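What follows is the content of run.pdb, which has PDB, C-alpha atoms:
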```pdb
ATOM      1  CA  ASN A 747       8.017  -1.074 -18.194
ATOM      2  CA  ALA A 748      10.104  -0.432 -15.105
ATOM      3  CA  GLY A 749       6.967   0.425 -13.125
ATOM      4  CA  VAL A 750       7.615   2.627 -10.095
ATOM      5  CA  THR A 751      11.231   3.367  -9.305
ATOM      6  CA  GLN A 752      12.600   5.057  -6.190
ATOM      7  CA  THR A 753      15.986   6.493  -5.368
ATOM      8  CA  PRO A 754      17.976   6.226  -3.223
ATOM      9  CA  LYS A 755      17.469   2.750  -1.764
ATOM     10  CA  PHE A 756      19.016   3.737   1.549
ATOM     11  CA  ARG A 757      20.189   6.984   3.115
ATOM     12  CA  ILE A 758      21.546   8.150   6.445
ATOM     13  CA  LEU A 759      20.862  11.781   7.358
ATOM     14  CA  LYS A 760      21.980  13.912  10.250
ATOM     15  CA  ILE A 761      19.389  15.835  12.236
ATOM     16  CA  GLY A 762      18.563  19.090  10.474
ATOM     17  CA  GLN A 763      19.787  18.016   7.047
ATOM     18  CA  SER A 764      17.504  18.051   4.051
ATOM     19  CA  MET A 765      17.019  15.635   1.173
ATOM     20  CA  THR A 766      14.713  14.718  -1.669
ATOM     21  CA  LEU A 767      13.382  11.234  -2.218
ATOM     22  CA  GLN A 768      12.829  10.594  -5.898
ATOM     23  CA  CYS A 769       9.923   8.662  -7.399
ATOM     24  CA  THR A 770       9.303   8.025 -11.090
ATOM     25  CA  GLN A 771       6.701   5.929 -12.870
ATOM     26  CA  ASP A 772       6.543   4.995 -16.542
ATOM     27  CA  MET A 773       2.964   3.717 -16.670
ATOM     28  CA  ASN A 774       1.408   7.110 -17.480
ATOM     29  CA  HIS A 775      -0.557   6.953 -14.232
ATOM     30  CA  ASN A 776      -2.193  10.197 -13.183
ATOM     31  CA  TYR A 777      -2.333   9.386  -9.453
ATOM     32  CA  MET A 778       0.791   9.174  -7.304
ATOM     33  CA  TYR A 779       1.274   8.706  -3.561
ATOM     34  CA  TRP A 780       3.869   8.794  -0.808
ATOM     35  CA  TYR A 781       3.583   6.514   2.228
ATOM     36  CA  ARG A 782       5.806   5.898   5.203
ATOM     37  CA  GLN A 783       6.048   2.691   7.180
ATOM     38  CA  ASP A 784       7.518   2.546  10.643
ATOM     39  CA  PRO A 785       8.797  -0.797  12.005
ATOM     40  CA  GLY A 786       5.978  -3.272  12.664
ATOM     41  CA  MET A 787       3.318  -0.831  11.557
ATOM     42  CA  GLY A 788       1.059  -0.370   8.560
ATOM     43  CA  LEU A 789       1.567   2.245   5.872
ATOM     44  CA  LYS A 790       0.592   5.833   6.536
ATOM     45  CA  LEU A 791      -0.165   8.245   3.705
ATOM     46  CA  ILE A 792       1.980  11.393   3.601
ATOM     47  CA  TYR A 793       0.892  13.158   0.410
ATOM     48  CA  TYR A 794      -0.796  12.264  -2.829
ATOM     49  CA  SER A 795      -1.388  13.793  -6.241
ATOM     50  CA  VAL A 796      -4.210  13.271  -8.721
ATOM     51  CA  GLY A 797      -2.353  14.893 -11.593
ATOM     52  CA  ALA A 798       0.455  17.254 -12.539
ATOM     53  CA  GLY A 799       0.221  20.462 -10.530
ATOM     54  CA  ILE A 800      -2.226  19.018  -7.991
ATOM     55  CA  THR A 801      -1.197  17.703  -4.576
ATOM     56  CA  ASP A 802      -3.027  17.033  -1.328
ATOM     57  CA  LYS A 803      -2.130  16.119   2.230
ATOM     58  CA  GLY A 804      -2.535  12.655   3.622
ATOM     59  CA  GLU A 805      -2.563  11.450   7.202
ATOM     60  CA  VAL A 806       0.976  12.496   8.225
ATOM     61  CA  PRO A 807       2.167  15.450   6.070
ATOM     62  CA  ASN A 808       4.065  17.452   8.705
ATOM     63  CA  GLY A 809       7.756  17.793   7.974
ATOM     64  CA  TYR A 810       7.391  16.954   4.279
ATOM     65  CA  ASN A 811       6.767  18.773   1.023
ATOM     66  CA  VAL A 812       5.905  17.532  -2.445
ATOM     67  CA  SER A 813       5.585  18.859  -5.961
ATOM     68  CA  ARG A 814       4.224  17.338  -9.162
ATOM     69  CA  SER A 815       5.454  19.180 -12.229
ATOM     70  CA  THR A 816       5.250  16.177 -14.573
ATOM     71  CA  THR A 817       3.083  13.072 -14.825
ATOM     72  CA  GLU A 818       6.085  10.806 -14.290
ATOM     73  CA  ASP A 819       7.766  12.333 -11.231
ATOM     74  CA  PHE A 820       6.618  12.921  -7.670
ATOM     75  CA  PRO A 821       9.537  13.904  -5.406
ATOM     76  CA  LEU A 822       9.214  14.056  -1.612
ATOM     77  CA  ARG A 823      11.224  16.711   0.188
ATOM     78  CA  LEU A 824      12.394  16.586   3.810
ATOM     79  CA  GLU A 825      13.569  20.054   4.843
ATOM     80  CA  LEU A 826      14.802  19.567   8.422
ATOM     81  CA  ALA A 827      15.305  15.900   9.118
ATOM     82  CA  ALA A 828      14.286  14.652  12.563
ATOM     83  CA  PRO A 829      14.771  11.224  14.196
ATOM     84  CA  SER A 830      10.984  10.735  14.022
ATOM     85  CA  GLN A 831      11.314  10.624  10.241
ATOM     86  CA  THR A 832      13.364   7.450  10.381
ATOM     87  CA  SER A 833      11.210   5.100   8.358
ATOM     88  CA  VAL A 834      10.777   3.265   5.072
ATOM     89  CA  TYR A 835       9.196   5.427   2.395
ATOM     90  CA  PHE A 836       7.113   3.946  -0.398
ATOM     91  CA  CYS A 837       5.932   5.668  -3.527
ATOM     92  CA  ALA A 838       2.948   4.336  -5.471
ATOM     93  CA  SER A 839       0.970   5.199  -8.581
ATOM     94  CA  SER A 840      -2.409   4.315 -10.055
ATOM     95  CA  TYR A 841      -4.584   5.012 -13.062
ATOM     96  CA  GLY A 842      -7.373   6.862 -11.361
ATOM     97  CA  PRO A 843      -8.303   6.023  -7.766
ATOM     98  CA  GLY A 844      -7.960   2.300  -8.353
ATOM     99  CA  THR A 845      -5.287  -0.338  -8.018
ATOM    100  CA  GLN A 846      -2.008   1.072  -6.762
ATOM    101  CA  TYR A 847       1.435  -0.112  -7.809
ATOM    102  CA  PHE A 848       4.252   0.386  -5.343
ATOM    103  CA  GLY A 849       7.939   1.053  -5.673
ATOM    104  CA  PRO A 850      10.628  -0.877  -3.777
ATOM    105  CA  GLY A 851      10.990   1.740  -1.040
ATOM    106  CA  THR A 852      13.644   4.063   0.377
ATOM    107  CA  ARG A 853      15.007   3.249   3.813
ATOM    108  CA  LEU A 854      15.877   6.455   5.711
ATOM    109  CA  LEU A 855      17.791   6.689   8.961
ATOM    110  CA  VAL A 856      18.045  10.045  10.751
ATOM    111  CA  LEU A 857      20.717  10.256  13.417
TER
ATOM    112  CA  ASP B 241     -14.276   4.333   3.940
ATOM    113  CA  ALA B 242     -15.368   1.344   6.054
ATOM    114  CA  LYS B 243     -12.936  -0.094   8.558
ATOM    115  CA  THR B 244     -11.735  -3.684   8.454
ATOM    116  CA  THR B 245     -10.781  -6.244  11.081
ATOM    117  CA  GLN B 246      -8.228  -8.963  10.430
ATOM    118  CA  PRO B 247      -6.529 -11.505  12.700
ATOM    119  CA  PRO B 248      -2.973 -10.385  13.499
ATOM    120  CA  SER B 249      -1.362 -13.660  12.443
ATOM    121  CA  MET B 250      -2.016 -17.055  10.866
ATOM    122  CA  ASP B 251      -0.023 -20.147   9.982
ATOM    123  CA  CYS B 252      -0.513 -22.382   6.962
ATOM    124  CA  ALA B 253       1.215 -25.589   5.878
ATOM    125  CA  GLU B 254       2.994 -25.437   2.554
ATOM    126  CA  GLY B 255       0.848 -26.810  -0.267
ATOM    127  CA  ARG B 256      -2.396 -26.290   1.614
ATOM    128  CA  ALA B 257      -4.931 -23.558   0.993
ATOM    129  CA  ALA B 258      -4.515 -20.398   3.021
ATOM    130  CA  ASN B 259      -7.816 -18.758   3.959
ATOM    131  CA  LEU B 260      -7.448 -15.222   5.252
ATOM    132  CA  PRO B 261     -10.589 -13.659   6.749
ATOM    133  CA  CYS B 262     -11.571 -10.007   6.848
ATOM    134  CA  ASN B 263     -14.511  -8.422   8.601
ATOM    135  CA  HIS B 264     -15.983  -5.213   7.167
ATOM    136  CA  SER B 265     -19.393  -5.030   8.782
ATOM    137  CA  THR B 266     -19.903  -1.305   8.049
ATOM    138  CA  ILE B 267     -19.203  -1.555   4.325
ATOM    139  CA  SER B 268     -21.326   0.601   2.039
ATOM    140  CA  GLY B 269     -22.925  -0.487  -1.196
ATOM    141  CA  ASN B 270     -20.390   1.318  -3.399
ATOM    142  CA  GLU B 271     -17.265   0.185  -1.537
ATOM    143  CA  TYR B 272     -14.908  -2.382  -2.988
ATOM    144  CA  VAL B 273     -12.820  -4.882  -1.052
ATOM    145  CA  TYR B 274      -9.124  -4.780  -1.990
ATOM    146  CA  TRP B 275      -6.373  -7.166  -0.936
ATOM    147  CA  TYR B 276      -2.678  -6.339  -0.965
ATOM    148  CA  ARG B 277       0.284  -8.151   0.488
ATOM    149  CA  GLN B 278       3.721  -7.060   1.604
ATOM    150  CA  ILE B 279       6.599  -9.463   1.548
ATOM    151  CA  HIS B 280       9.303  -8.521   4.026
ATOM    152  CA  SER B 281      10.890  -5.117   3.245
ATOM    153  CA  GLN B 282       9.262  -4.869  -0.180
ATOM    154  CA  GLY B 283       6.551  -2.525  -1.422
ATOM    155  CA  PRO B 284       2.958  -3.751  -1.127
ATOM    156  CA  GLN B 285       1.708  -5.839  -4.025
ATOM    157  CA  TYR B 286      -1.857  -5.783  -5.356
ATOM    158  CA  ILE B 287      -3.577  -9.182  -5.238
ATOM    159  CA  ILE B 288      -7.256  -8.855  -6.084
ATOM    160  CA  HIS B 289     -10.374  -6.784  -5.517
ATOM    161  CA  GLY B 290     -14.135  -7.198  -5.775
ATOM    162  CA  LEU B 291     -17.484  -5.542  -5.139
ATOM    163  CA  LYS B 292     -19.970  -8.336  -4.442
ATOM    164  CA  ASN B 293     -19.262 -11.237  -6.773
ATOM    165  CA  ASN B 294     -16.530 -13.738  -6.066
ATOM    166  CA  GLU B 295     -13.369 -13.044  -8.009
ATOM    167  CA  THR B 296     -10.435 -15.186  -9.103
ATOM    168  CA  ASN B 297      -7.140 -14.401 -10.768
ATOM    169  CA  GLU B 298      -3.790 -16.119 -11.158
ATOM    170  CA  MET B 299      -2.784 -15.284  -7.612
ATOM    171  CA  ALA B 300      -5.864 -15.857  -5.470
ATOM    172  CA  SER B 301      -9.618 -16.057  -5.064
ATOM    173  CA  LEU B 302     -11.794 -13.578  -3.207
ATOM    174  CA  ILE B 303     -14.999 -14.779  -1.607
ATOM    175  CA  ILE B 304     -17.409 -12.072  -0.419
ATOM    176  CA  THR B 305     -20.400 -13.037   1.711
ATOM    177  CA  GLU B 306     -23.853 -12.263   0.415
ATOM    178  CA  ASP B 307     -24.388  -9.485   2.985
ATOM    179  CA  ARG B 308     -20.899  -8.151   2.086
ATOM    180  CA  LYS B 309     -19.958  -7.819   5.748
ATOM    181  CA  SER B 310     -16.996 -10.140   5.464
ATOM    182  CA  SER B 311     -14.695 -11.686   2.901
ATOM    183  CA  THR B 312     -12.017 -14.358   2.584
ATOM    184  CA  LEU B 313      -8.881 -14.310   0.511
ATOM    185  CA  ILE B 314      -7.881 -17.783  -0.606
ATOM    186  CA  LEU B 315      -4.394 -18.760  -1.735
ATOM    187  CA  PRO B 316      -5.120 -22.217  -3.162
ATOM    188  CA  HIS B 317      -1.702 -23.818  -2.759
ATOM    189  CA  ALA B 318       0.407 -21.749  -0.392
ATOM    190  CA  THR B 319       4.174 -21.742  -0.866
ATOM    191  CA  LEU B 320       6.955 -20.402   1.338
ATOM    192  CA  ARG B 321       7.087 -17.345  -0.930
ATOM    193  CA  ASP B 322       3.534 -16.467   0.140
ATOM    194  CA  THR B 323       4.776 -15.653   3.641
ATOM    195  CA  ALA B 324       3.846 -11.968   3.983
ATOM    196  CA  VAL B 325       1.546  -9.467   5.652
ATOM    197  CA  TYR B 326      -1.845  -9.396   3.945
ATOM    198  CA  TYR B 327      -3.932  -6.250   3.997
ATOM    199  CA  CYS B 328      -7.698  -6.107   3.489
ATOM    200  CA  ILE B 329      -8.850  -2.606   2.508
ATOM    201  CA  VAL B 330     -12.317  -1.295   1.813
ATOM    202  CA  ARG B 331     -12.773   1.833  -0.263
ATOM    203  CA  VAL B 332     -14.926   3.574  -2.810
ATOM    204  CA  ALA B 333     -13.123   3.014  -6.097
ATOM    205  CA  ALA B 334     -14.465   6.135  -7.782
ATOM    206  CA  ARG B 335     -13.522   8.539  -5.017
ATOM    207  CA  ASN B 336     -10.251  10.449  -4.931
ATOM    208  CA  THR B 337      -9.187   8.890  -1.662
ATOM    209  CA  PRO B 338      -6.122   6.708  -1.410
ATOM    210  CA  LEU B 339      -5.879   3.330   0.245
ATOM    211  CA  VAL B 340      -5.799   3.246   4.039
ATOM    212  CA  PHE B 341      -3.636   0.400   5.345
ATOM    213  CA  GLY B 342      -4.265  -1.219   8.720
ATOM    214  CA  LYS B 343      -1.917  -3.698  10.395
ATOM    215  CA  GLY B 344      -3.035  -6.656   8.286
ATOM    216  CA  THR B 345      -2.555 -10.384   8.895
ATOM    217  CA  ARG B 346       0.916 -11.853   9.063
ATOM    218  CA  LEU B 347       0.727 -15.181   7.210
ATOM    219  CA  SER B 348       3.494 -17.673   7.878
ATOM    220  CA  VAL B 349       3.690 -20.594   5.473
ATOM    221  CA  ILE B 350       5.424 -23.505   7.144
ATOM    222  CA  ALA B 351       7.297 -26.292   5.354
TER
END
```
Give the structure from this file in structure tokens form.
Amino acid sequence: NAGVTQTPKFRILKIGQSMTLQCTQDMNHNYMYWYRQDPGMGLKLIYYSVGAGITDKGEVPNGYNVSRSTTEDFPLRLELAAPSQTSVYFCASSYGPGTQYFGPGTRLLVL
Amino acid sequence: DAKTTQPPSMDCAEGRAANLPCNHSTISGNEYVYWYRQIHSQGPQYIIHGLKNNETNEMASLIITEDRKSSTLILPHATLRDTAVYYCIVRVAARNTPLVFGKGTRLSVIA
């Protein structure tokens, strides 16, 4: 199993551009999550999903959108990139609300 | 979910046991204690979790006090690769709420 994979590893965006961060898991987990981590800080939850077609907001959802059309994929969309969205983004998955497994992260720089 | 308090940083000599404390004085009876760690720039990694009994796995041991108001994560023989930020998280395992990460304890293992 590859576990949780994220693409891209690193991206530079200009202010106002849009992009999609990809997240895929091959563990047949029903729960998936998106977190962001700013330098020197803990992780903050952006959005999560408890199954295909079901998503819910976390602590910091503004400026982001998600969809969950399949069990495996949980993409995160940034519509109008802002410098405040410069961060490292982590995707995670779990079988039920239990132990979470994290991907390697996507480092995003908005200039 | 109950909040946790951890020291911001700790040092440990290589080969010695690392004992990381966590205070969770407002924990409820159905809340588990989870430990994760994050090695620099990587996604968080699950270590161990427990409800009230002490737990041990190949990575660490978790000691929970009888009143459940505090716990200690023990890495029996710390190596340089154990240098990381360690997060103690308390949550109800059966509830559809994701993990909430604080700032954790930065453990530095010194040769």
Evaluated on this file, the PyMOL selection byres ((chain A and resi 785-797) around 8) picks out some residues - which ones are they, written as a ChimeraX atom specification?
/A:776-784,798-807,810,812,814,817,833,842 /B:336,338,340-344
Put the listed atoms of stretch 811-829 of chain A in a box along x, y and z with 5 Å added on every side and give me the centre and edge lengths in Å to one decimal, as lines of an AutoDock Vina configuration file.
```
center_x = 9.2
center_y = 15.4
center_z = -0.3
size_x = 22.2
size_y = 19.2
size_z = 39.0
```
Report as an mmCIF file with C-alpha atoms, keeping the file's coordinate frame the full result of the ChimeraX specification (/A :<12) & /B when it is applied to this structure.
```cif
data_model
loop_
_atom_site.group_PDB
_atom_site.id
_atom_site.type_symbol
_atom_site.label_atom_id
_atom_site.label_comp_id
_atom_site.auth_asym_id
_atom_site.auth_seq_id
_atom_site.Cartn_x
_atom_site.Cartn_y
_atom_site.Cartn_z
ATOM 1 C CA PRO B 248 -2.973 -10.385 13.499
ATOM 2 C CA GLU B 271 -17.265 0.185 -1.537
ATOM 3 C CA TYR B 272 -14.908 -2.382 -2.988
ATOM 4 C CA VAL B 273 -12.820 -4.882 -1.052
ATOM 5 C CA TYR B 274 -9.124 -4.780 -1.990
ATOM 6 C CA TRP B 275 -6.373 -7.166 -0.936
ATOM 7 C CA TYR B 276 -2.678 -6.339 -0.965
ATOM 8 C CA ARG B 277 0.284 -8.151 0.488
ATOM 9 C CA GLN B 278 3.721 -7.060 1.604
ATOM 10 C CA ILE B 279 6.599 -9.463 1.548
ATOM 11 C CA HIS B 280 9.303 -8.521 4.026
ATOM 12 C CA SER B 281 10.890 -5.117 3.245
ATOM 13 C CA GLN B 282 9.262 -4.869 -0.180
ATOM 14 C CA GLY B 283 6.551 -2.525 -1.422
ATOM 15 C CA PRO B 284 2.958 -3.751 -1.127
ATOM 16 C CA GLN B 285 1.708 -5.839 -4.025
ATOM 17 C CA TYR B 286 -1.857 -5.783 -5.356
ATOM 18 C CA ILE B 287 -3.577 -9.182 -5.238
ATOM 19 C CA ILE B 288 -7.256 -8.855 -6.084
ATOM 20 C CA HIS B 289 -10.374 -6.784 -5.517
ATOM 21 C CA GLY B 290 -14.135 -7.198 -5.775
ATOM 22 C CA VAL B 325 1.546 -9.467 5.652
ATOM 23 C CA TYR B 326 -1.845 -9.396 3.945
ATOM 24 C CA TYR B 327 -3.932 -6.250 3.997
ATOM 25 C CA CYS B 328 -7.698 -6.107 3.489
ATOM 26 C CA ILE B 329 -8.850 -2.606 2.508
ATOM 27 C CA VAL B 330 -12.317 -1.295 1.813
ATOM 28 C CA ARG B 331 -12.773 1.833 -0.263
ATOM 29 C CA VAL B 332 -14.926 3.574 -2.810
ATOM 30 C CA ALA B 333 -13.123 3.014 -6.097
ATOM 31 C CA ALA B 334 -14.465 6.135 -7.782
ATOM 32 C CA ARG B 335 -13.522 8.539 -5.017
ATOM 33 C CA ASN B 336 -10.251 10.449 -4.931
ATOM 34 C CA THR B 337 -9.187 8.890 -1.662
ATOM 35 C CA PRO B 338 -6.122 6.708 -1.410
ATOM 36 C CA LEU B 339 -5.879 3.330 0.245
ATOM 37 C CA VAL B 340 -5.799 3.246 4.039
ATOM 38 C CA PHE B 341 -3.636 0.400 5.345
ATOM 39 C CA GLY B 342 -4.265 -1.219 8.720
ATOM 40 C CA LYS B 343 -1.917 -3.698 10.395
ATOM 41 C CA GLY B 344 -3.035 -6.656 8.286
ATOM 42 C CA THR B 345 -2.555 -10.384 8.895
ATOM 43 C CA ARG B 346 0.916 -11.853 9.063
#
```
Would you write out, as a PyMOL selection string, every residue that the PyMOL selection byres ((chain B and resi 292) around 12) captures in this file?
chain B and resi 267-274+289-291+293-295+302-311
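Of the residues under consideration (A:Leu759, A:Leu826, A:Met773, A:Leu857), A:Met773 shows the shortest atom-to-atom contact distance to A:Ser839 when counting all atoms listed in the file.
Going from atom CA of A:Cys769 over to atom CA of A:Phe756, you cover 13.7 Å.
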Atom pair atom CA of B:Ile314 / atom CA of B:Ser301: separation (Å)
5.1 Å
Which residues are close to stretch 749-753 of chain A, i.e. within 6 Å by all atoms listed in the file, leaving aside same-chain residues fewer than 2 positions away? Reply as a compact mmCIF listing (two decimals) with C-alpha atoms, in the coordinates of the input.
```txt
# COMPACT_ATOMS: atom_id res chain seq x y z
CA ASN A 747 8.02 -1.07 -18.19
CA LYS A 755 17.47 2.75 -1.76
CA GLN A 768 12.83 10.59 -5.90
CA CYS A 769 9.92 8.66 -7.40
CA THR A 770 9.30 8.02 -11.09
CA GLN A 771 6.70 5.93 -12.87
CA ASP A 772 6.54 5.00 -16.54
CA GLY A 849 7.94 1.05 -5.67
```
Polymer residues at most 9 Å from stretch 256-260 of chain B, all atoms listed in the file, same-chain spacing of 4 or more positions, as a list in words
Gln246, Pro247, Met250, Asp251, Cys252, Ser311, Thr312, Leu313, Ile314, Leu315, Pro316, His317, Ala318, Thr319, Tyr326, Thr345, Leu347 and Val349 of chain B
Excluding A:Met765 and its own-chain neighbours fewer than 2 positions away, which residues fall within 10 Å of it when counting only C-alpha atoms? Please give them as a PyMOL selection string.
chain A and resi 757+759+763+767-768+822-827
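Take atom CA of B:Ser249 and atom CA of B:His264: the distance between them is 17.7 Å.
Proximity of A:Gly809, A:Thr766, A:His775, A:Leu854 to A:Pro821, computed with only C-alpha atoms, is greatest for A:Thr766.
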Using the atoms already present, construct all heavy atoms for stretch 778-788 of chain A and hand them back as an mmCIF file, keeping the file's coordinate frame.
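The result, written out as rebuild_10.cif:
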```cif
data_model
loop_
_atom_site.group_PDB
_atom_site.id
_atom_site.type_symbol
_atom_site.label_atom_id
_atom_site.label_comp_id
_atom_site.auth_asym_id
_atom_site.auth_seq_id
_atom_site.Cartn_x
_atom_site.Cartn_y
_atom_site.Cartn_z
ATOM 1 N N MET A 778 -0.430 9.624 -7.974
ATOM 2 C CA MET A 778 0.791 9.174 -7.304
ATOM 3 C C MET A 778 0.687 9.467 -5.824
ATOM 4 O O MET A 778 -0.033 10.381 -5.396
ATOM 5 C CB MET A 778 2.028 9.842 -7.907
ATOM 6 C CG MET A 778 2.274 9.440 -9.359
ATOM 7 S SD MET A 778 3.826 10.030 -10.040
ATOM 8 C CE MET A 778 5.006 8.938 -9.237
ATOM 9 N N TYR A 779 1.421 8.666 -5.014
ATOM 10 C CA TYR A 779 1.274 8.706 -3.561
ATOM 11 C C TYR A 779 2.637 8.516 -2.888
ATOM 12 O O TYR A 779 3.503 7.849 -3.422
ATOM 13 C CB TYR A 779 0.380 7.555 -3.080
ATOM 14 C CG TYR A 779 -0.881 7.322 -3.869
ATOM 15 C CD1 TYR A 779 -0.848 6.596 -5.057
ATOM 16 C CD2 TYR A 779 -2.110 7.805 -3.429
ATOM 17 C CE1 TYR A 779 -2.006 6.360 -5.791
ATOM 18 C CE2 TYR A 779 -3.269 7.576 -4.152
ATOM 19 C CZ TYR A 779 -3.205 6.855 -5.328
ATOM 20 O OH TYR A 779 -4.358 6.628 -6.041
ATOM 21 N N TRP A 780 2.741 9.088 -1.683
ATOM 22 C CA TRP A 780 3.869 8.794 -0.808
ATOM 23 C C TRP A 780 3.336 8.268 0.517
ATOM 24 O O TRP A 780 2.462 8.877 1.142
ATOM 25 C CB TRP A 780 4.713 10.037 -0.538
ATOM 26 C CG TRP A 780 5.746 10.296 -1.566
ATOM 27 C CD1 TRP A 780 5.735 11.256 -2.533
ATOM 28 C CD2 TRP A 780 6.973 9.578 -1.731
ATOM 29 N NE1 TRP A 780 6.875 11.180 -3.288
ATOM 30 C CE2 TRP A 780 7.649 10.159 -2.818
ATOM 31 C CE3 TRP A 780 7.570 8.510 -1.070
ATOM 32 C CZ2 TRP A 780 8.893 9.711 -3.264
ATOM 33 C CZ3 TRP A 780 8.799 8.056 -1.503
ATOM 34 C CH2 TRP A 780 9.455 8.654 -2.586
ATOM 35 N N TYR A 781 3.909 7.116 0.947
ATOM 36 C CA TYR A 781 3.583 6.514 2.228
ATOM 37 C C TYR A 781 4.870 6.377 3.040
ATOM 38 O O TYR A 781 5.957 6.263 2.492
ATOM 39 C CB TYR A 781 3.012 5.106 2.055
ATOM 40 C CG TYR A 781 1.672 5.018 1.379
ATOM 41 C CD1 TYR A 781 1.569 4.951 -0.008
ATOM 42 C CD2 TYR A 781 0.492 4.937 2.124
ATOM 43 C CE1 TYR A 781 0.334 4.841 -0.632
ATOM 44 C CE2 TYR A 781 -0.746 4.819 1.498
ATOM 45 C CZ TYR A 781 -0.809 4.767 0.122
ATOM 46 O OH TYR A 781 -2.041 4.643 -0.484
ATOM 47 N N ARG A 782 4.715 6.304 4.350
ATOM 48 C CA ARG A 782 5.806 5.898 5.203
ATOM 49 C C ARG A 782 5.371 4.705 6.030
ATOM 50 O O ARG A 782 4.178 4.544 6.337
ATOM 51 C CB ARG A 782 6.280 7.035 6.113
ATOM 52 C CG ARG A 782 5.254 7.579 7.070
ATOM 53 C CD ARG A 782 5.873 8.629 8.003
ATOM 54 N NE ARG A 782 6.706 7.998 9.042
ATOM 55 C CZ ARG A 782 7.436 8.678 9.908
ATOM 56 N NH1 ARG A 782 7.480 10.007 9.845
ATOM 57 N NH2 ARG A 782 8.146 8.050 10.823
ATOM 58 N N GLN A 783 6.342 3.872 6.373
ATOM 59 C CA GLN A 783 6.048 2.691 7.180
ATOM 60 C C GLN A 783 7.088 2.564 8.270
ATOM 61 O O GLN A 783 8.266 2.310 8.007
ATOM 62 C CB GLN A 783 6.033 1.427 6.320
ATOM 63 C CG GLN A 783 5.595 0.191 7.098
ATOM 64 C CD GLN A 783 5.437 -1.025 6.194
ATOM 65 O OE1 GLN A 783 6.173 -1.184 5.227
ATOM 66 N NE2 GLN A 783 4.469 -1.880 6.512
ATOM 67 N N ASP A 784 6.637 2.722 9.500
ATOM 68 C CA ASP A 784 7.518 2.546 10.643
ATOM 69 C C ASP A 784 7.577 1.063 11.006
ATOM 70 O O ASP A 784 6.663 0.294 10.666
ATOM 71 C CB ASP A 784 7.006 3.364 11.823
ATOM 72 C CG ASP A 784 6.988 4.860 11.501
ATOM 73 O OD1 ASP A 784 7.805 5.283 10.651
ATOM 74 O OD2 ASP A 784 6.162 5.579 12.069
ATOM 75 N N PRO A 785 8.623 0.631 11.711
ATOM 76 C CA PRO A 785 8.797 -0.797 12.005
ATOM 77 C C PRO A 785 7.578 -1.433 12.658
ATOM 78 O O PRO A 785 7.059 -0.923 13.653
ATOM 79 C CB PRO A 785 10.000 -0.798 12.944
ATOM 80 C CG PRO A 785 10.772 0.419 12.572
ATOM 81 C CD PRO A 785 9.740 1.452 12.190
ATOM 82 N N GLY A 786 7.099 -2.527 12.086
ATOM 83 C CA GLY A 786 5.978 -3.272 12.664
ATOM 84 C C GLY A 786 4.620 -2.627 12.487
ATOM 85 O O GLY A 786 3.629 -3.111 13.058
ATOM 86 N N MET A 787 4.576 -1.566 11.714
ATOM 87 C CA MET A 787 3.318 -0.831 11.557
ATOM 88 C C MET A 787 2.837 -0.895 10.114
ATOM 89 O O MET A 787 3.578 -1.276 9.201
ATOM 90 C CB MET A 787 3.513 0.637 11.972
ATOM 91 C CG MET A 787 4.058 0.813 13.369
ATOM 92 S SD MET A 787 2.943 0.203 14.642
ATOM 93 C CE MET A 787 1.678 1.470 14.570
ATOM 94 N N GLY A 788 1.590 -0.466 9.915
ATOM 95 C CA GLY A 788 1.059 -0.370 8.560
ATOM 96 C C GLY A 788 1.539 0.901 7.876
ATOM 97 O O GLY A 788 2.262 1.701 8.461
#
```
